[in-house]
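Asks: File upload.csv below, CSV, C-alpha atoms and all ligand atoms:
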chain,number,residue,atom,x,y,z
O,1,MET,CA,0.0,0.0,0.0
O,2,LEU,CA,1.0,3.6,-0.6
O,3,PRO,CA,2.5,4.5,2.8
O,4,GLY,CA,4.5,1.3,2.7
O,5,ILE,CA,6.0,2.2,-0.7
O,6,ILE,CA,6.8,5.7,0.3
O,7,GLY,CA,8.1,4.8,3.8
O,8,VAL,CA,10.4,2.1,2.4
O,9,MET,CA,11.7,4.6,-0.2
O,10,MET,CA,12.5,6.9,2.8
O,11,ALA,CA,14.3,4.1,4.6
O,12,THR,CA,16.3,3.4,1.4
O,13,GLU,CA,17.3,7.0,1.1
O,14,ALA,CA,18.4,7.1,4.8
O,15,ILE,CA,20.5,4.0,4.4
O,16,LYS,CA,22.1,5.2,1.1
O,17,TYR,CA,23.0,8.5,2.8
O,18,ILE,CA,24.5,6.8,5.9
O,19,ILE,CA,26.6,4.4,3.9
O,20,GLY,CA,27.4,7.0,1.3
O,21,ILE,CA,26.4,5.1,-1.8
O,22,GLY,CA,24.4,5.8,-4.9
O,23,GLU,CA,22.7,9.0,-6.0
O,24,PRO,CA,20.9,10.8,-3.1
O,25,LEU,CA,17.6,12.5,-3.8
O,26,ILE,CA,19.1,15.9,-3.1
O,27,GLY,CA,17.3,18.4,-5.5
O,28,ARG,CA,15.1,15.6,-6.8
O,29,LEU,CA,11.5,14.9,-5.8
O,30,ILE,CA,10.0,11.5,-6.6
O,31,LEU,CA,6.3,11.5,-7.2
O,32,TYR,CA,4.5,8.2,-7.1
O,33,GLU,CA,0.8,7.8,-8.0
O,34,ALA,CA,-0.7,4.4,-7.1
O,35,LEU,CA,-3.9,4.3,-9.2
O,36,GLY,CA,-2.0,4.9,-12.4
O,37,MET,CA,1.0,3.1,-11.0
O,38,THR,CA,3.2,5.9,-12.3
O,39,TYR,CA,6.5,7.2,-10.9
O,40,ARG,CA,8.0,10.5,-11.9
O,41,GLU,CA,11.0,12.6,-10.9
O,42,VAL,CA,11.0,16.4,-10.9
O,43,LYS,CA,14.0,18.6,-10.2
O,44,ILE,CA,13.7,20.9,-7.3
O,45,TYR,CA,15.9,23.9,-6.7
O,46,ARG,CA,17.1,26.1,-3.9
O,47,ASP,CA,15.1,29.3,-3.7
O,48,ALA,CA,17.3,32.3,-3.2
O,49,ASP,CA,14.3,33.9,-1.5
O,50,CYS,CA,13.6,30.9,0.8
O,51,PRO,CA,12.6,32.3,4.2
O,52,ILE,CA,15.0,30.0,6.0
O,53,CYS,CA,17.8,28.8,3.6
O,54,GLY,CA,17.8,31.7,1.1
O,55,GLU,CA,20.3,34.5,0.8
O,56,ASN,CA,18.6,36.8,3.2
O,57,PRO,CA,16.5,34.6,5.4
O,58,SER,CA,13.7,36.1,7.5
O,59,ILE,CA,13.8,33.1,9.8
O,60,THR,CA,17.0,32.9,11.8
O,61,GLN,CA,15.6,31.1,14.8
O,62,LEU,CA,12.7,28.9,15.4
O,63,ILE,CA,9.3,30.6,15.6
O,64,ASP,CA,7.6,30.4,18.9
O,65,ASP,CA,4.5,28.4,18.2
O,66,TYR,CA,4.2,26.2,15.1
O,67,ASP,CA,0.8,25.0,16.0
O,68,ALA,CA,-0.6,28.5,16.1
O,69,ALA,CA,1.3,29.4,13.0
O,70,ALA,CA,-0.2,26.5,11.1
O,71,GLU,CA,-3.7,27.9,11.8
O,72,ASN,CA,-2.6,31.2,10.2
O,73,PRO,CA,-0.2,30.4,7.4
O,74,GLU,CA,0.9,34.0,6.8
O,75,THR,CA,2.6,34.1,10.3
O,76,PHE,CA,4.8,31.1,9.3
O,77,ALA,CA,7.2,33.3,7.3
O,78,PRO,CA,7.8,36.6,8.9
O,79,ALA,CA,8.8,39.3,6.4
O,80,ALA,CA,12.5,39.8,5.9
O,81,GLY,CA,13.7,42.5,8.3
T,1,MET,CA,51.0,-30.7,-15.0
T,2,LYS,CA,52.4,-27.7,-13.0
T,3,SER,CA,53.1,-27.5,-9.3
T,4,TYR,CA,52.1,-24.4,-7.4
T,5,ARG,CA,55.7,-23.5,-7.2
T,6,GLN,CA,55.9,-23.5,-11.0
T,7,ILE,CA,52.8,-21.4,-11.3
T,8,VAL,CA,54.2,-18.9,-8.9
T,9,GLU,CA,57.6,-18.8,-10.6
T,10,ALA,CA,55.8,-18.2,-13.9
T,11,ALA,CA,53.7,-15.4,-12.5
T,12,LYS,CA,56.9,-13.8,-11.1
T,13,THR,CA,58.3,-13.5,-14.6
T,14,GLU,CA,55.2,-11.5,-15.7
T,15,ILE,CA,54.3,-9.5,-12.6
T,16,PRO,CA,56.6,-6.9,-11.1
T,17,GLU,CA,56.9,-7.0,-7.3
T,18,VAL,CA,57.3,-4.1,-5.0
T,19,THR,CA,58.4,-4.0,-1.3
T,20,VAL,CA,56.2,-2.8,1.6
T,21,ASP,CA,58.6,0.1,2.0
T,22,GLU,CA,58.1,1.2,-1.6
T,23,VAL,CA,54.3,0.9,-1.2
T,24,GLN,CA,54.3,2.9,2.0
T,25,ALA,CA,56.5,5.6,0.5
T,26,ASN,CA,54.2,5.7,-2.5
T,27,GLN,CA,51.1,6.0,-0.3
T,28,GLU,CA,52.7,8.8,1.8
T,29,ASN,CA,53.5,10.7,-1.4
T,30,GLY,CA,49.9,10.5,-2.5
T,31,GLY,CA,50.7,8.2,-5.5
T,32,ASP,CA,47.9,7.4,-7.9
T,33,PHE,CA,47.3,3.8,-7.3
T,34,VAL,CA,44.7,1.4,-5.9
T,35,LEU,CA,45.7,-0.9,-3.2
T,36,LEU,CA,43.8,-4.2,-3.6
T,37,ASP,CA,43.5,-6.7,-0.8
T,38,VAL,CA,42.7,-10.2,-2.1
T,39,ARG,CA,42.7,-12.1,1.2
T,40,ASP,CA,39.7,-13.9,2.7
T,41,GLU,CA,37.1,-12.3,4.8
T,42,ASP,CA,38.4,-13.4,8.1
T,43,GLU,CA,42.0,-12.3,7.3
T,44,TYR,CA,40.7,-8.9,6.2
T,45,ARG,CA,38.6,-8.6,9.3
T,46,ALA,CA,41.7,-9.0,11.5
T,47,GLY,CA,43.2,-5.9,10.0
T,48,TYR,CA,44.0,-4.3,6.6
T,49,ILE,CA,46.0,-1.5,5.1
T,50,PRO,CA,44.0,1.8,5.3
T,51,ASP,CA,42.2,2.7,2.0
T,52,ALA,CA,42.7,-0.7,0.5
T,53,VAL,CA,39.9,-2.1,-1.6
T,54,HIS,CA,38.9,-5.6,-0.6
T,55,VAL,CA,37.9,-8.3,-3.1
T,56,THR,CA,38.7,-11.9,-2.1
T,57,ARG,CA,40.8,-13.9,-4.5
T,58,GLY,CA,37.8,-16.2,-5.0
T,59,MET,CA,35.5,-13.3,-6.1
T,60,LEU,CA,38.2,-11.3,-7.9
T,61,GLU,CA,37.3,-11.9,-11.5
T,62,PHE,CA,33.6,-11.6,-10.8
T,63,SER,CA,33.6,-8.3,-9.0
T,64,VAL,CA,36.8,-6.4,-9.3
T,65,GLU,CA,35.3,-4.2,-12.1
T,66,ASN,CA,32.8,-2.8,-9.6
T,67,TYR,CA,35.7,-1.4,-7.6
T,68,ILE,CA,38.3,-0.7,-10.2
T,69,PRO,CA,36.5,0.1,-13.5
T,70,ASP,CA,39.5,1.8,-15.1
T,71,ARG,CA,41.8,-0.9,-16.6
T,72,GLU,CA,44.6,1.6,-17.0
T,73,GLN,CA,44.6,2.3,-13.2
T,74,LYS,CA,47.8,1.2,-11.4
T,75,VAL,CA,46.9,-1.6,-9.0
T,76,ILE,CA,49.1,-2.8,-6.2
T,77,VAL,CA,47.8,-6.2,-5.0
T,78,TYR,CA,48.5,-7.7,-1.7
T,79,CYS,CA,47.6,-10.8,0.3
T,80,ALA,CA,49.0,-12.3,3.5
T,81,ALA,CA,52.5,-13.1,2.3
T,82,GLY,CA,52.8,-12.2,-1.4
T,83,LEU,CA,51.9,-15.4,-3.3
T,84,ARG,CA,48.1,-15.2,-3.9
T,85,SER,CA,48.7,-11.5,-4.8
T,86,LEU,CA,51.0,-12.6,-7.6
T,87,LEU,CA,48.4,-14.9,-9.0
T,88,ALA,CA,45.7,-12.3,-8.6
T,89,ALA,CA,47.8,-9.7,-10.3
T,90,LYS,CA,48.4,-12.1,-13.2
T,91,SER,CA,44.6,-12.8,-13.5
T,92,LEU,CA,44.0,-9.0,-13.6
T,93,ARG,CA,46.5,-8.7,-16.5
T,94,GLU,CA,44.5,-11.4,-18.3
T,95,MET,CA,41.4,-9.3,-17.8
T,96,GLY,CA,43.1,-6.4,-19.4
T,97,TYR,CA,44.4,-4.4,-16.4
T,98,THR,CA,47.6,-3.0,-17.7
T,99,ASP,CA,49.5,-1.9,-14.6
T,100,THR,CA,49.3,-4.5,-11.9
T,101,VAL,CA,52.0,-5.3,-9.4
T,102,SER,CA,52.2,-7.5,-6.4
T,103,MET,CA,53.4,-6.5,-2.9
T,104,ALA,CA,56.1,-8.9,-1.8
T,105,GLY,CA,55.8,-10.1,1.7
T,106,GLY,CA,52.1,-9.1,1.9
T,107,TYR,CA,50.3,-7.8,4.9
T,108,ARG,CA,52.6,-9.9,7.1
T,109,ASP,CA,55.6,-7.8,6.2
T,110,TRP,CA,53.6,-4.6,6.2
T,111,ALA,CA,52.4,-5.1,9.7
T,112,ALA,CA,55.8,-6.3,10.9
T,113,ALA,CA,57.3,-3.0,9.5
T,114,GLY,CA,55.0,-1.1,11.8
T,115,TYR,CA,53.1,0.6,9.0
T,116,ALA,CA,49.5,1.8,9.6
T,117,THR,CA,46.8,-0.7,9.7
T,118,ALA,CA,43.0,-0.4,10.2
T,119,GLN,CA,40.3,-2.7,11.5
T,120,ASP,CA,36.6,-2.4,11.1
T,121,LYS,CA,34.3,-2.5,14.1
T,122,SER,CA,34.1,-6.2,14.9
T,123,MET,CA,30.8,-7.9,14.6
T,124,SER,CA,29.5,-10.9,16.6
T,125,ASN,CA,28.9,-14.2,14.8
T,126,GLU,CA,25.2,-13.5,15.1
T,127,GLN,CA,25.6,-10.2,13.4
T,128,LEU,CA,27.8,-11.7,10.6
T,129,ASP,CA,24.9,-14.1,10.0
T,130,ARG,CA,22.1,-11.6,10.4
T,131,TYR,CA,23.6,-9.1,7.9
T,132,SER,CA,25.2,-11.7,5.6
T,133,ARG,CA,22.9,-10.7,2.7
T,134,HIS,CA,24.1,-7.1,3.0
T,135,PHE,CA,27.7,-8.3,2.7
T,136,MET,CA,26.9,-9.8,-0.7
T,137,LEU,CA,26.1,-6.3,-1.9
T,138,THR,CA,29.5,-5.0,-2.8
T,139,GLU,CA,28.4,-1.4,-2.2
T,140,VAL,CA,27.3,-2.2,1.4
T,141,GLY,CA,29.7,-4.9,2.7
T,142,GLU,CA,30.9,-5.1,6.3
T,143,LYS,CA,32.0,-1.5,6.1
T,144,GLY,CA,28.6,-0.3,5.1
T,145,GLN,CA,27.0,-2.4,7.8
T,146,SER,CA,29.4,-0.9,10.4
T,147,LYS,CA,28.2,2.5,9.4
T,148,LEU,CA,24.6,1.5,9.8
T,149,LEU,CA,25.3,0.0,13.2
T,150,ASP,CA,27.0,3.3,14.2
T,151,ALA,CA,24.2,5.5,12.8
T,152,LYS,CA,21.7,7.5,14.7
T,153,VAL,CA,18.4,8.1,13.0
T,154,LEU,CA,15.4,9.9,14.3
T,155,LEU,CA,12.0,8.9,13.1
T,156,VAL,CA,9.5,11.7,13.4
T,157,GLY,CA,6.1,10.0,13.6
T,158,ALA,CA,5.4,6.3,14.0
T,159,GLY,CA,2.4,6.2,11.8
T,160,GLY,CA,1.8,5.4,8.1
T,161,LEU,CA,5.2,6.4,6.8
T,162,GLY,CA,7.2,6.0,10.1
T,163,SER,CA,6.0,2.4,10.4
T,164,PRO,CA,7.5,0.9,7.2
T,165,ALA,CA,10.5,3.2,7.5
T,166,GLY,CA,11.1,2.1,11.1
T,167,VAL,CA,10.6,-1.6,10.3
T,168,TYR,CA,13.2,-1.5,7.5
T,169,LEU,CA,15.6,0.7,9.3
T,170,GLY,CA,15.4,-1.5,12.3
T,171,ALA,CA,15.8,-4.7,10.3
T,172,ALA,CA,18.8,-3.3,8.4
T,173,GLY,CA,20.6,-2.7,11.7
T,174,ILE,CA,20.5,1.1,12.3
T,175,GLY,CA,22.3,1.1,15.6
T,176,HIS,CA,20.3,3.9,17.3
T,177,LEU,CA,16.8,4.7,16.3
T,178,GLY,CA,14.9,7.5,18.0
T,179,ILE,CA,11.1,7.6,17.6
T,180,ILE,CA,8.9,10.5,18.4
T,181,ASP,CA,5.2,10.3,18.5
T,182,SER,CA,2.6,11.4,21.1
T,183,ASP,CA,-0.3,9.3,19.8
T,184,VAL,CA,-1.8,6.1,21.1
T,185,VAL,CA,-2.4,3.1,18.8
T,186,GLU,CA,-6.0,3.0,17.5
T,187,LEU,CA,-7.7,0.1,15.7
T,188,SER,CA,-8.1,2.2,12.6
T,189,ASN,CA,-4.3,2.6,12.4
T,190,LEU,CA,-3.6,-1.0,12.0
T,191,GLN,CA,-4.6,-1.3,8.3
T,192,ARG,CA,-1.4,0.5,7.4
T,193,GLN,CA,0.8,1.3,10.4
T,194,ILE,CA,2.7,-2.0,10.4
T,195,LEU,CA,4.8,-1.2,13.5
T,196,HIS,CA,1.7,-1.8,15.6
T,197,ARG,CA,-0.1,-5.0,16.5
T,198,THR,CA,-3.7,-5.5,17.6
T,199,GLU,CA,-2.7,-6.2,21.2
T,200,ALA,CA,-1.0,-2.7,21.2
T,201,VAL,CA,-4.3,-0.8,20.7
T,202,GLY,CA,-4.6,1.7,23.5
T,203,THR,CA,-0.8,1.9,24.2
T,204,PRO,CA,1.6,4.7,23.2
T,205,LYS,CA,2.8,4.3,19.6
T,206,VAL,CA,6.4,4.8,20.6
T,207,GLN,CA,6.2,2.0,23.1
T,208,SER,CA,4.5,-0.3,20.5
T,209,ALA,CA,7.1,0.7,17.9
T,210,ALA,CA,10.0,0.0,20.3
T,211,THR,CA,8.6,-3.4,21.1
T,212,THR,CA,8.2,-4.4,17.5
T,213,ILE,CA,11.6,-3.1,16.4
T,214,LYS,CA,13.4,-4.8,19.4
T,215,SER,CA,11.8,-8.1,18.6
T,216,LEU,CA,12.8,-7.7,14.9
T,217,ASN,CA,16.3,-6.8,15.7
T,218,PRO,CA,17.8,-6.7,19.2
T,219,ASP,CA,20.9,-4.8,17.9
T,220,VAL,CA,18.8,-1.6,17.6
T,221,ASP,CA,19.0,0.7,20.5
T,222,VAL,CA,15.6,2.4,20.5
T,223,THR,CA,14.9,5.7,22.2
T,224,PRO,CA,11.1,6.4,22.4
T,225,TYR,CA,10.0,10.0,22.8
T,226,ASN,CA,6.3,9.9,23.8
T,227,LEU,CA,5.8,13.6,23.2
T,228,ARG,CA,5.0,16.1,20.5
T,229,LEU,CA,7.9,17.9,18.9
T,230,THR,CA,7.9,21.6,19.8
T,231,ALA,CA,10.2,24.6,19.3
T,232,GLU,CA,11.3,24.0,22.9
T,233,ASN,CA,12.4,20.4,22.7
T,234,VAL,CA,13.4,20.0,19.0
T,235,GLU,CA,17.0,21.2,19.3
T,236,ASP,CA,17.9,19.0,22.3
T,237,ILE,CA,16.4,15.9,20.5
T,238,PHE,CA,17.8,16.6,17.0
T,239,ALA,CA,21.3,17.2,18.5
T,240,GLU,CA,21.5,13.4,19.2
T,241,TYR,CA,20.9,12.3,15.6
T,242,ASP,CA,22.7,12.2,12.2
T,243,VAL,CA,19.6,11.9,10.0
T,244,ILE,CA,16.0,12.9,10.5
T,245,VAL,CA,13.4,10.8,8.8
T,246,ASP,CA,10.2,12.9,8.6
T,247,GLY,CA,7.0,10.9,8.4
T,248,CYS,CA,4.9,13.4,10.4
T,249,ASP,CA,1.2,14.0,9.7
T,250,ASN,CA,0.7,17.7,10.2
T,251,PHE,CA,2.1,21.0,8.9
T,252,ALA,CA,3.1,22.5,12.2
T,253,THR,CA,5.5,19.6,12.8
T,254,ARG,CA,6.6,19.5,9.1
T,255,TYR,CA,7.7,23.2,9.2
T,256,LEU,CA,9.2,22.8,12.6
T,257,VAL,CA,11.3,19.8,11.5
T,258,ASN,CA,12.4,21.7,8.4
T,259,ASP,CA,13.4,24.9,10.2
T,260,ALA,CA,15.2,23.1,13.0
T,261,ALA,CA,17.1,20.8,10.5
T,262,VAL,CA,18.2,23.8,8.4
T,263,LEU,CA,19.3,25.8,11.4
T,264,MET,CA,21.2,22.7,12.8
T,265,ASN,CA,22.5,21.5,9.4
T,266,LYS,CA,20.9,18.1,9.6
T,267,PRO,CA,19.7,16.1,6.5
T,268,ILE,CA,15.9,15.3,6.3
T,269,VAL,CA,14.6,12.4,4.5
T,270,HIS,CA,11.2,13.8,3.4
T,271,GLY,CA,8.1,11.8,2.6
T,272,SER,CA,4.4,12.6,2.4
T,273,ILE,CA,1.3,11.0,1.0
T,274,PHE,CA,-2.1,12.4,0.1
T,275,GLN,CA,-4.8,9.9,-1.0
T,276,PHE,CA,-3.1,7.9,-3.8
T,277,GLU,CA,-0.1,10.1,-4.3
T,278,GLY,CA,3.2,10.1,-2.5
T,279,GLN,CA,6.4,12.0,-2.7
T,280,VAL,CA,10.0,11.5,-1.4
T,281,SER,CA,13.1,13.7,-1.4
T,282,LEU,CA,16.2,14.4,0.6
T,283,PHE,CA,16.7,17.9,2.0
T,284,LYS,CA,20.4,18.5,2.7
T,285,PRO,CA,21.0,22.0,4.0
T,286,ASN,CA,23.5,24.0,1.9
T,287,GLU,CA,23.5,21.4,-0.8
T,288,GLY,CA,20.0,21.4,-2.1
T,289,PRO,CA,16.5,22.8,-1.5
T,290,CYS,CA,14.6,22.6,1.8
T,291,TYR,CA,10.9,22.1,2.3
T,292,ARG,CA,10.3,25.8,2.4
T,293,CYS,CA,12.1,26.3,-0.9
T,294,MET,CA,9.1,24.4,-2.4
T,295,TYR,CA,6.4,25.6,0.0
T,296,PRO,CA,7.5,28.8,1.8
T,297,ILE,CA,4.3,28.7,3.9
T,298,PRO,CA,1.7,26.0,4.5
T,299,PRO,CA,-1.6,25.8,2.6
T,300,PRO,CA,-4.7,27.0,4.4
T,301,PRO,CA,-5.9,24.9,7.4
T,302,GLY,CA,-7.8,21.8,6.5
T,303,MET,CA,-5.3,20.3,4.1
T,304,VAL,CA,-3.4,17.5,5.7
T,305,PRO,CA,0.0,16.3,4.4
T,306,SER,CA,-0.2,12.7,5.3
S,401,ZN,ZN,14.9,26.6,1.6
So that I can check it, write out the structure of this file as structure tokens.
Replies:
Amino acid sequence: MLPGIIGVMMATEAIKYIIGIGEPLIGRLILYEALGMTYREVKIYRDADCPICGENPSITQLIDDYDAAAENPETFAPAAG
Amino acid sequence: MKSYRQIVEAAKTEIPEVTVDEVQANQENGGDFVLLDVRDEDEYRAGYIPDAVHVTRGMLEFSVENYIPDREQKVIVYCAAGLRSLLAAKSLREMGYTDTVSMAGGYRDWAAAGYATAQDKSMSNEQLDRYSRHFMLTEVGEKGQSKLLDAKVLLVGAGGLGSPAGVYLGAAGIGHLGIIDSDVVELSNLQRQILHRTEAVGTPKVQSAATTIKSLNPDVDVTPYNLRLTAENVEDIFAEYDVIVDGCDNFATRYLVNDAAVLMNKPIVHGSIFQFEGQVSLFKPNEGPCYRCMYPIPPPPGMVPS
């Protein structure tokens, strides 16, 4: 079933990373769709404007309350100051 | 018919020999060569020359290409005393390796000269048996297994994704597995959350997960965290681990995991599912995108990631 497939892929990535073998999924997103049984890979890129890993991050420490922020998505990424 | 002595003498006319002193000097000067150890598993286990590639004499022709794909590469072969290495080097020549030499005196003379040796973490007979299928995979081998046994992995969530991930990580022999979850096992979980058994319904998921993993593989040291990850506890917990496997089921935790991992420079194995679709990636701070690079902020409340 779907969680099994994805969860085992996750374990595989962790093991590859720890041993240092193969091609890690850095910058690659695997998309799996069970009904059509299709499997795709899309490239994903670092965003220079990312609020936490970008060039001028607005988040430099953890925000106080992630639960509250999840209720109000705009508060998740404080404006760059 | 040839005696072994005649075969060795014949090999000596074809294969140049080098002394352990020459090899050591060459290694110290950063010479471009591969050191190939062709001894048996138990000999290798007892100690080897650092950076040597290990392929037993018996498996040489079958798997040497996996380790040394370039046939022009200079290869210095050694065994225990310098005889098997001569024959192995000769066989490599027949396979088209153009620059193979044999180290006279072998590992015996190397160790006697007091040169550097290395030894992998020793495994019990039970471990050698348990992980024997990993050893057949040349990319994993005993070295890879030692890394798994030394690894510290944190599973965030012992639900749909954390269950299969935890079962396989535990079975593979991850030495230290932390598991965070604040939920209790419910009957409706069991159709997919394979870490939990019917008799565990009503008990904390981390406790049920620890029991299952320990019975699967007693080598795994499991640390259960029966709590919810928060901005207050995340740093203390993450500090103990090399890799974070994120199988959480809510956006608050997903963003918290991402932010803490980026700030602490820890890799996240990311996975999520929604209905019949799933996605997987590896977020490595400074080397690739993070979750927020894809989704700077979460979608409106009501959408659930897993
Ligand atoms: Zn980012």
Asks: List as a list in words the protein and nucleic acid residues near O:Gly20, meaning an atom at most 12 Å away when only C-alpha atoms are counted, but skip any in the same chain fewer than 5 places from it.
Replies: Thr12, Glu13, Ala14 and Ile15 of chain O; Glu139, Val140, Lys143, Gly144, Gln145, Lys147 and Leu148 of chain T
Asks: Using only C-alpha atoms and all ligand atoms, find the one residue out of O:Pro3, O:Pro73, O:Gly36, O:Gly27 that sits nearest to ligand ZN 401 (chain S).
Replies: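 For ligand ZN 401 (chain S), the nearest of the given residues is O:Gly27.
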Asks: Within 6 Å of ligand ZN 401 (chain S), counting all atoms listed in the file: which residues, as a ChimeraX atom specification?
Replies: /O:46-47,50,52-54 /T:289-290,292-293
Asks: Hey, which bits of chain T sit within 8 Å of chain O, and for each residue what's the closest pair of atoms and how far apart in Å (one decimal), counting all atoms listed in the file, rows by chain and increasing number, as CSV?
Replies:
residue,atom,partner,partner_atom,distance
T:Glu139,CA,O:Ile21,CA,6.8
T:Val140,CA,O:Ile19,CA,7.1
T:Gly144,CA,O:Ile19,CA,5.2
T:Gln145,CA,O:Ile19,CA,7.8
T:Lys147,CA,O:Ile19,CA,6.0
T:Leu148,CA,O:Ile18,CA,6.6
T:Ala151,CA,O:Ile18,CA,7.0
T:Gly160,CA,O:Pro3,CA,5.4
T:Leu161,CA,O:Gly7,CA,4.5
T:Gly162,CA,O:Gly7,CA,6.5
T:Ser163,CA,O:Gly7,CA,7.3
T:Pro164,CA,O:Gly7,CA,5.2
T:Ala165,CA,O:Gly7,CA,4.7
T:Gly166,CA,O:Ala11,CA,7.5
T:Tyr168,CA,O:Ala11,CA,6.4
T:Leu169,CA,O:Ala11,CA,5.9
T:Arg192,CA,O:Pro3,CA,7.2
T:Thr230,CA,O:Tyr66,CA,7.5
T:Ala231,CA,O:Leu62,CA,6.3
T:Val243,CA,O:Ala14,CA,7.2
T:Val245,CA,O:Met10,CA,7.2
T:Gly247,CA,O:Gly7,CA,7.7
T:Phe251,CA,O:Ala70,CA,6.4
T:Ala252,CA,O:Tyr66,CA,4.8
T:Thr253,CA,O:Tyr66,CA,7.1
T:Tyr255,CA,O:Tyr66,CA,7.5
T:Leu256,CA,O:Tyr66,CA,6.5
T:Asp259,CA,O:Leu62,CA,6.6
T:Ala260,CA,O:Leu62,CA,6.8
T:Val262,CA,O:Cys53,CA,6.9
T:Leu263,CA,O:Gln61,CA,7.3
T:Val269,CA,O:Met10,CA,6.1
T:His270,CA,O:Met10,CA,7.0
T:Gly271,CA,O:Met10,CA,6.6
T:Ser272,CA,O:Ile6,CA,7.6
T:Ile273,CA,O:Pro3,CA,6.9
T:Phe276,CA,O:Ala34,CA,5.4
T:Glu277,CA,O:Glu33,CA,4.4
T:Gly278,CA,O:Tyr32,CA,5.1
T:Gln279,CA,O:Leu31,CA,4.5
T:Val280,CA,O:Ile30,CA,5.2
T:Ser281,CA,O:Leu29,CA,4.8
T:Leu282,CA,O:Ile26,CA,4.9
T:Phe283,CA,O:Ile26,CA,6.0
T:Lys284,CA,O:Ile26,CA,6.5
T:Pro285,CA,O:Cys53,CA,7.5
T:Asn286,CA,O:Cys53,CA,7.6
T:Glu287,CA,O:Ile26,CA,7.4
T:Gly288,CA,O:Gly27,CA,5.3
T:Pro289,CA,O:Arg46,CA,4.1
T:Cys290,CA,O:Arg46,CA,7.1
T:Arg292,CA,O:Cys50,CA,6.3
T:Cys293,CA,O:Asp47,CA,5.1
T:Met294,CA,O:Ile44,CA,7.6
T:Pro296,CA,O:Cys50,CA,6.5
T:Ile297,CA,O:Phe76,CA,5.9
T:Pro298,CA,O:Pro73,CA,5.6
T:Pro299,CA,O:Pro73,CA,6.8
T:Pro300,CA,O:Pro73,CA,6.4
T:Pro301,CA,O:Glu71,CA,5.8
Asks: Compile the contact shell of T:Pro69 as an MDAnalysis selection string: residues with an atom at most 12 Å away, counting all atoms listed in the file, same-chain residues fewer than 3 positions apart removed.
Replies: chainID T and resid 34 63:66 72:75 92 95:97
Asks: So what do you get for atom CA of T:Phe274 versus atom CA of T:Ala158, distance-wise?
Replies: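 Computing the Euclidean distance for atom CA of T:Phe274 and atom CA of T:Ala158 yields 16.9 Å.
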Asks: To one decimal place in Å, what is the distance between atom CA of T:Arg45 and atom CA of T:Met123?
Replies: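 According to the coordinates, atom CA of T:Arg45 and atom CA of T:Met123 are separated by 9.5 Å.
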Asks: In Å to one decimal, how far is atom CA of T:Gly30 from atom CA of T:Leu137?
Replies: 29.1 Å
